Every structure is written in structure tokens, then in C-alpha cells.
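Engineer: One structure is given below, represented as C-alpha cells, and several questions about it will come after.
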Amino acid sequence: MIHTLLAVGFLAIFTPLAALIAFPWTFLTGNADFLYNLSIRGARVAVWLAGVKIQVEGRERLDRSRSYIFMCNHVSNLDPPIVIPAVPGRTSVLVKKEVFRVPILGWAMRLGALVPVDRSDREAAIASIAKAAAVLQKGIHMTIFPEGTRSPDGRLLPFKKGPFYLALDTGCPIVPITVLGTLIMMPKGQSSIHPGVARVVFHEPIDPKAIGDRDALMLAVAQSMASALPPETR
């Protein structure tokens with residue numbers, strides 16, 4: 001519990017201070033790189049204070065000069081602050097549209113090229129895919145949790161189809177990621193964090209143009225992601 005309190009206490013102090021510094025700079029320059037980098041550093045410190053050590057594997061497989069769609073399994077609220085800082089370079093993410101209504105935060109997320117998503121509205125979901133494609137064209141990665149929610153037992157849930165249409169439409173390679181260890185540290189429904197070691201495994205990029213079919217692409221990503229899971233959850 002003390003690790004959780006340390007992490008929460010740090011974020012309670014860091015977030016308004018970071019906003020006080022980064023928001024005016026971002027507004028004046030129109031460049032969100034400083035805001036993004038400061039947020040990533042804050043996430044890393046919070047995770048460290050929570051007693052979580054991170055091991056990253058396979059990142060050397062990636063070409064740092066190109067954009068990717070990173071797709072990761074999802075079992076814990078710890079996954080985003082662990083996985084996103086591990087991605088090389090700046091990445092965008094899909095965020096529920098309701099969060100964009102929060103004053104100041106919504107403005108900052110728009111400047112940071114985060115993409116609002118509304119899964120209850122098909123036309124809005126299609127528009128989100130178009131916005132994500134525009135982000136990729138700027139040279140910014142997309143990081144997506146294609147299950148759309150956290151798995152309670154570590155087994156992969158069915159994937160949402162939208163991210164795979166994005167890959168097929170843009171031709172952008174998909175990099176499957178498997179995050180391990182976070183289920184034990186902070187399972188779904190639990191608010192406290194147990195210290196431990198998280199592994200972030202980057203798999204070989206998958207070329208959607210070489211597969212061509214959405215269902216086959218979904219299967220290829222699922223198989224790659226599952227290859228690093230414990231045998232009992234594959």
C-alpha cells in the first residue's frame with residue numbers, strides 16, 4: 001500500500017506543476033514534444049515509486065526511422081504507464097471521447113495528437129480511424145490495446161476490428177507487444193499496486209500488406225502476442 005501512496009502522492013504534486021510549466025510552452029510554440037516528454041518522465045517516476053521494475057525485450061527489432069502501430073495485450077491499469085514509455089519515440093493513443101471533455105486536459109490531449117474514440121457510434125469510430133491515420137502520417141506512432149478492456153485472467157480477449165482496418169488502410173506495420181507481470185501487481189478491480197517486475201516484449205513487426213485480409217491479420221497479431229504468454233493463458 002505504501003508504494004501505491006507514494007506513486008499517487010507524486011502524481012498529485014507532479015501533474016499540476018508539469019501542467020503549469022508545459023501547457024504555456026505548448027500553447028506558445030504549438031509543439032507538444034516537451035509536454036509529451038515531461039509526461040513520459042512523470043509516468044516512469046510514478047511506476048518506479050510504485051515498486052515496479054521494467055524489463056524491455058525485442059526493441060532492437062524496430063526501425064527507428066519509421067512509424068508503427070503498436071498493439072498490446074491488456075490486463076491491468078499499470079499497462080499504459082509501463083508500455084507507452086517503453087515505445088521508442090513519440091506515440092499517440094486512442095482515448096475515450098468523454099476524457100476530452102475535461103477542461104485543460106482535453107485541450108492538452110488534442111495538442112498531443114491523442115485520438116478520441118467512441119465505440120458506441122459507428123460513424124464516429126470510422127472518423128477516429130481517419131484521425132489515427134493522419135497521426136501516423138505525421139511520423140507519430142499509434143499504441144493500441146486492441147482488446148478494448150482489461151482481461152481478468154490474462155487470456156486474450158477478442159480484438160476490436162478498427163485498429164486492423166487502420167493498419168490495412170495505411171499499410172503501417174503492426175508491432176505486437178506482450179506485457180507480463182502486471183496482472184499480479186494490479187489486477188482488474190484492484191486499486192493498490194504490488195511491487196514486482198514487468199516484462200515488455202516487442203515482437204517482430206507484421207506487414208499488413210503481406211497478409212491483406214483483416215481476419216488473418218488479427219489472427220497473426222494474436223498468435224504473436226500470445227507466444228510470450230504463460231502456457232496456461234495462451
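Every chain in the C-alpha cells takes a letter, A first, then B, and so on in the order presented; its residues are numbered from 1, and the ligands are numbered from 1 following the presented order.
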Excluding same-chain residues fewer than 3 positions from region 199-203 of chain A, what lies within 6 Å of it counting only C-alpha atoms, as a count of residues only?

Structural biologist: 11

Engineer: Excluding region 224-227 of chain A and its own-chain neighbours fewer than 3 positions away, which residues fall within 12 Å of it when counting only C-alpha atoms? Please give them as a VMD selection string.

Structural biologist: chain A and resid 70 to 74 145 to 147 154 to 157 159 174 to 180 200 to 206 217 to 221 230 to 234

Engineer: Could those selected residues go to a file with C-alpha atoms, as a PDB file, in the first residue's frame?

Structural biologist:
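Produced file again_6.pdb, reproduced below:
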ATOM      1  CA  PHE A  70       1.923  -0.961 -31.554  1.00  0.00           C
ATOM      2  CA  MET A  71      -0.712  -3.394 -30.280  1.00  0.00           C
ATOM      3  CA  CYS A  72      -0.506  -4.748 -26.738  1.00  0.00           C
ATOM      4  CA  ASN A  73      -2.474  -7.139 -24.562  1.00  0.00           C
ATOM      5  CA  HIS A  74      -4.243  -5.514 -21.612  1.00  0.00           C
ATOM      6  CA  PHE A 145      -4.836  -2.092 -26.719  1.00  0.00           C
ATOM      7  CA  PRO A 146      -6.991  -3.954 -29.277  1.00  0.00           C
ATOM      8  CA  GLU A 147      -8.963  -5.943 -26.696  1.00  0.00           C
ATOM      9  CA  GLY A 154      -4.521 -12.896 -18.597  1.00  0.00           C
ATOM     10  CA  ARG A 155      -6.112 -14.687 -21.556  1.00  0.00           C
ATOM     11  CA  LEU A 156      -6.502 -12.627 -24.702  1.00  0.00           C
ATOM     12  CA  LEU A 157      -9.985 -11.253 -25.265  1.00  0.00           C
ATOM     13  CA  PHE A 159      -9.890  -7.930 -30.633  1.00  0.00           C
ATOM     14  CA  ILE A 174       1.937  -3.652 -36.630  1.00  0.00           C
ATOM     15  CA  VAL A 175       4.297  -4.434 -33.772  1.00  0.00           C
ATOM     16  CA  PRO A 176       2.640  -6.854 -31.323  1.00  0.00           C
ATOM     17  CA  ILE A 177       3.640  -6.291 -27.692  1.00  0.00           C
ATOM     18  CA  THR A 178       3.157  -8.635 -24.775  1.00  0.00           C
ATOM     19  CA  VAL A 179       3.194  -7.123 -21.294  1.00  0.00           C
ATOM     20  CA  LEU A 180       3.730  -9.618 -18.480  1.00  0.00           C
ATOM     21  CA  VAL A 200       7.521  -5.687 -22.100  1.00  0.00           C
ATOM     22  CA  VAL A 201       8.205  -7.887 -25.116  1.00  0.00           C
ATOM     23  CA  PHE A 202       8.324  -6.317 -28.588  1.00  0.00           C
ATOM     24  CA  HIS A 203       7.688  -8.911 -31.298  1.00  0.00           C
ATOM     25  CA  GLU A 204       8.651  -8.875 -34.974  1.00  0.00           C
ATOM     26  CA  PRO A 205       6.726  -6.277 -36.999  1.00  0.00           C
ATOM     27  CA  ILE A 206       3.883  -7.650 -39.118  1.00  0.00           C
ATOM     28  CA  LEU A 217      -4.138 -10.113 -39.716  1.00  0.00           C
ATOM     29  CA  MET A 218      -5.985 -10.252 -36.395  1.00  0.00           C
ATOM     30  CA  LEU A 219      -5.022 -13.906 -36.016  1.00  0.00           C
ATOM     31  CA  ALA A 220      -1.366 -13.217 -36.818  1.00  0.00           C
ATOM     32  CA  VAL A 221      -1.192 -10.446 -34.204  1.00  0.00           C
ATOM     33  CA  PRO A 230       2.486 -18.305 -19.976  1.00  0.00           C
ATOM     34  CA  PRO A 231       1.299 -21.607 -21.500  1.00  0.00           C
ATOM     35  CA  GLU A 232      -1.813 -21.703 -19.305  1.00  0.00           C
ATOM     36  CA  THR A 233      -3.093 -18.392 -20.715  1.00  0.00           C
ATOM     37  CA  ARG A 234      -2.300 -18.826 -24.413  1.00  0.00           C
TER      38      ARG A 234
END

Engineer: For region 97-111 of chain A, work out the shell of residues within 10 Å, counting only C-alpha atoms and skipping chain neighbours fewer than 5 positions away, then give it as a PDB file with N, CA and C atoms, in the first residue's frame.

Structural biologist:
ATOM      1  N   ALA A  19       1.839  20.741 -15.621  1.00  0.00           N
ATOM      2  CA  ALA A  19       0.884  21.495 -16.432  1.00  0.00           C
ATOM      3  C   ALA A  19       1.225  22.988 -16.422  1.00  0.00           C
ATOM      4  N   ALA A  22       4.438  23.102 -18.714  1.00  0.00           N
ATOM      5  CA  ALA A  22       4.363  22.595 -20.089  1.00  0.00           C
ATOM      6  C   ALA A  22       3.219  23.189 -20.895  1.00  0.00           C
ATOM      7  N   PHE A  23       2.089  23.463 -20.282  1.00  0.00           N
ATOM      8  CA  PHE A  23       0.943  23.974 -21.039  1.00  0.00           C
ATOM      9  C   PHE A  23       1.236  25.322 -21.702  1.00  0.00           C
ATOM     10  N   THR A  26       3.649  24.764 -24.600  1.00  0.00           N
ATOM     11  CA  THR A  26       2.992  24.087 -25.714  1.00  0.00           C
ATOM     12  C   THR A  26       2.068  25.045 -26.456  1.00  0.00           C
ATOM     13  N   PHE A  27       1.367  25.874 -25.697  1.00  0.00           N
ATOM     14  CA  PHE A  27       0.449  26.843 -26.316  1.00  0.00           C
ATOM     15  C   PHE A  27       1.215  27.864 -27.160  1.00  0.00           C
ATOM     16  N   GLY A  30       3.111  25.676 -30.060  1.00  0.00           N
ATOM     17  CA  GLY A  30       2.311  24.781 -30.878  1.00  0.00           C
ATOM     18  C   GLY A  30       2.944  23.421 -31.052  1.00  0.00           C
ATOM     19  N   ASN A  31       3.976  23.140 -30.256  1.00  0.00           N
ATOM     20  CA  ASN A  31       4.698  21.871 -30.322  1.00  0.00           C
ATOM     21  C   ASN A  31       4.508  21.116 -29.011  1.00  0.00           C
ATOM     22  N   ALA A  32       4.020  19.894 -29.107  1.00  0.00           N
ATOM     23  CA  ALA A  32       3.690  19.129 -27.899  1.00  0.00           C
ATOM     24  C   ALA A  32       4.807  18.191 -27.453  1.00  0.00           C
ATOM     25  N   ASP A  33       5.979  18.265 -28.081  1.00  0.00           N
ATOM     26  CA  ASP A  33       7.061  17.331 -27.723  1.00  0.00           C
ATOM     27  C   ASP A  33       7.482  17.487 -26.262  1.00  0.00           C
ATOM     28  N   LEU A  35       5.726  18.669 -23.736  1.00  0.00           N
ATOM     29  CA  LEU A  35       4.636  18.161 -22.898  1.00  0.00           C
ATOM     30  C   LEU A  35       4.650  16.634 -22.868  1.00  0.00           C
ATOM     31  N   TYR A  36       4.848  16.030 -24.030  1.00  0.00           N
ATOM     32  CA  TYR A  36       4.877  14.562 -24.105  1.00  0.00           C
ATOM     33  C   TYR A  36       6.046  13.994 -23.310  1.00  0.00           C
ATOM     34  N   SER A  92       0.977   8.199 -30.092  1.00  0.00           N
ATOM     35  CA  SER A  92      -0.374   8.612 -29.752  1.00  0.00           C
ATOM     36  C   SER A  92      -1.132   7.382 -29.257  1.00  0.00           C
ATOM     37  N   PRO A 116      -9.553  10.788 -30.005  1.00  0.00           N
ATOM     38  CA  PRO A 116     -10.779  10.398 -29.287  1.00  0.00           C
ATOM     39  C   PRO A 116     -11.490   9.270 -30.024  1.00  0.00           C
ATOM     40  N   VAL A 117     -12.065   8.368 -29.257  1.00  0.00           N
ATOM     41  CA  VAL A 117     -12.771   7.235 -29.864  1.00  0.00           C
ATOM     42  C   VAL A 117     -14.111   7.045 -29.173  1.00  0.00           C
ATOM     43  N   ASP A 118     -15.120   6.758 -29.972  1.00  0.00           N
ATOM     44  CA  ASP A 118     -16.469   6.487 -29.476  1.00  0.00           C
ATOM     45  C   ASP A 118     -16.927   5.174 -30.107  1.00  0.00           C
ATOM     46  N   ARG A 119     -16.810   4.089 -29.351  1.00  0.00           N
ATOM     47  CA  ARG A 119     -17.126   2.774 -29.912  1.00  0.00           C
ATOM     48  C   ARG A 119     -18.625   2.530 -30.028  1.00  0.00           C
ATOM     49  N   ALA A 124     -18.636   7.661 -35.816  1.00  0.00           N
ATOM     50  CA  ALA A 124     -17.590   8.309 -35.014  1.00  0.00           C
ATOM     51  C   ALA A 124     -16.357   7.421 -34.928  1.00  0.00           C
ATOM     52  N   SER A 128     -12.542   8.235 -36.112  1.00  0.00           N
ATOM     53  CA  SER A 128     -11.365   8.056 -35.258  1.00  0.00           C
ATOM     54  C   SER A 128     -10.242   7.363 -36.015  1.00  0.00           C
TER      55      SER A 128
END

Engineer: Please return as a PyMOL selection string: the residues of region 13-168 of chain A that backbone DSSP assigns to alpha helix (DSSP H).

Structural biologist: chain A and resi 13-29+33-49+79-86+105-111+122-137+162-168

Engineer: Residues near Thr170 (chain A), anyone? I mean within 10 Å using only C-alpha atoms, not counting same-chain ones fewer than 3 positions away, as a PyMOL selection string.

Structural biologist: chain A and resi 130+132-134+136-137+164-167+173+208-209

Engineer: What residues in region 5-232 of chain A get the DSSP label strand (DSSP E or B)? Please answer as a ChimeraX atom specification.

Structural biologist: /A:52-57,69-72,76,91-96,115-117,141-144,174-180,187,196-202,206

Engineer: Just want the 6 Å neighbourhood of Leu49 (chain A), counted on only C-alpha atoms, with same-chain residues fewer than 3 positions away dropped. Output as a list of chain:residue names.

Structural biologist: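 Counting only the stated atoms, we get A:Leu6, A:Ala7, A:Ala46.
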
Engineer: Can you write just those residues out, N, CA and C atoms, as a PDB file, in the first residue's frame?

Structural biologist:
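Dumped everything to result30.pdb:
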ATOM      1  N   LEU A   6       2.854   6.382  -2.445  1.00  0.00           N
ATOM      2  CA  LEU A   6       3.974   7.166  -2.958  1.00  0.00           C
ATOM      3  C   LEU A   6       3.732   7.585  -4.414  1.00  0.00           C
ATOM      4  N   ALA A   7       3.268   6.632  -5.217  1.00  0.00           N
ATOM      5  CA  ALA A   7       3.021   6.914  -6.635  1.00  0.00           C
ATOM      6  C   ALA A   7       1.901   7.941  -6.797  1.00  0.00           C
ATOM      7  N   ALA A  46       6.555   7.619 -11.440  1.00  0.00           N
ATOM      8  CA  ALA A  46       5.421   7.072 -10.680  1.00  0.00           C
ATOM      9  C   ALA A  46       5.475   5.553 -10.634  1.00  0.00           C
TER      10      ALA A  46
END

Engineer: Calculated over only C-alpha atoms, which of the candidates A:Ala113, A:Ile2, A:Leu17, A:Val87 has the smallest distance to Leu62 (chain A)?

Structural biologist: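 Smallest separation from Leu62 (chain A) among the options: A:Val87.
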
Engineer: So, with only C-alpha atoms as the atoms that count, which of A:Arg61, A:His3, A:Lys161, A:Arg150 lies closest to Ala216 (chain A)?

Structural biologist: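 For Ala216 (chain A), the nearest of the given residues is A:Lys161.
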
Engineer: So that I can see what lies close to Ala18 (chain A), please list as an mmCIF file with N, CA and C atoms, in the first residue's frame the residues with an atom at most 10 Å from it, counting only C-alpha atoms and leaving out residues fewer than 6 positions away in the same chain.

Structural biologist:
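Output contents, as saved in part_19.cif:
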data_model
loop_
_atom_site.group_PDB
_atom_site.id
_atom_site.type_symbol
_atom_site.label_atom_id
_atom_site.label_comp_id
_atom_site.auth_asym_id
_atom_site.auth_seq_id
_atom_site.Cartn_x
_atom_site.Cartn_y
_atom_site.Cartn_z
ATOM 1 N N LEU A 11 2.180 11.856 -8.251
ATOM 2 C CA LEU A 11 1.370 12.342 -9.380
ATOM 3 C C LEU A 11 0.525 13.541 -8.979
ATOM 4 N N LEU A 35 5.726 18.669 -23.736
ATOM 5 C CA LEU A 35 4.636 18.161 -22.898
ATOM 6 C C LEU A 35 4.650 16.634 -22.868
ATOM 7 N N LEU A 38 7.771 15.306 -20.894
ATOM 8 C CA LEU A 38 7.600 15.526 -19.458
ATOM 9 C C LEU A 38 6.607 14.529 -18.874
ATOM 10 N N SER A 39 5.531 14.251 -19.602
ATOM 11 C CA SER A 39 4.532 13.281 -19.146
ATOM 12 C C SER A 39 5.133 11.882 -19.049
ATOM 13 N N GLY A 42 7.267 11.652 -15.985
ATOM 14 C CA GLY A 42 6.418 11.537 -14.807
ATOM 15 C C GLY A 42 5.875 10.137 -14.628
#
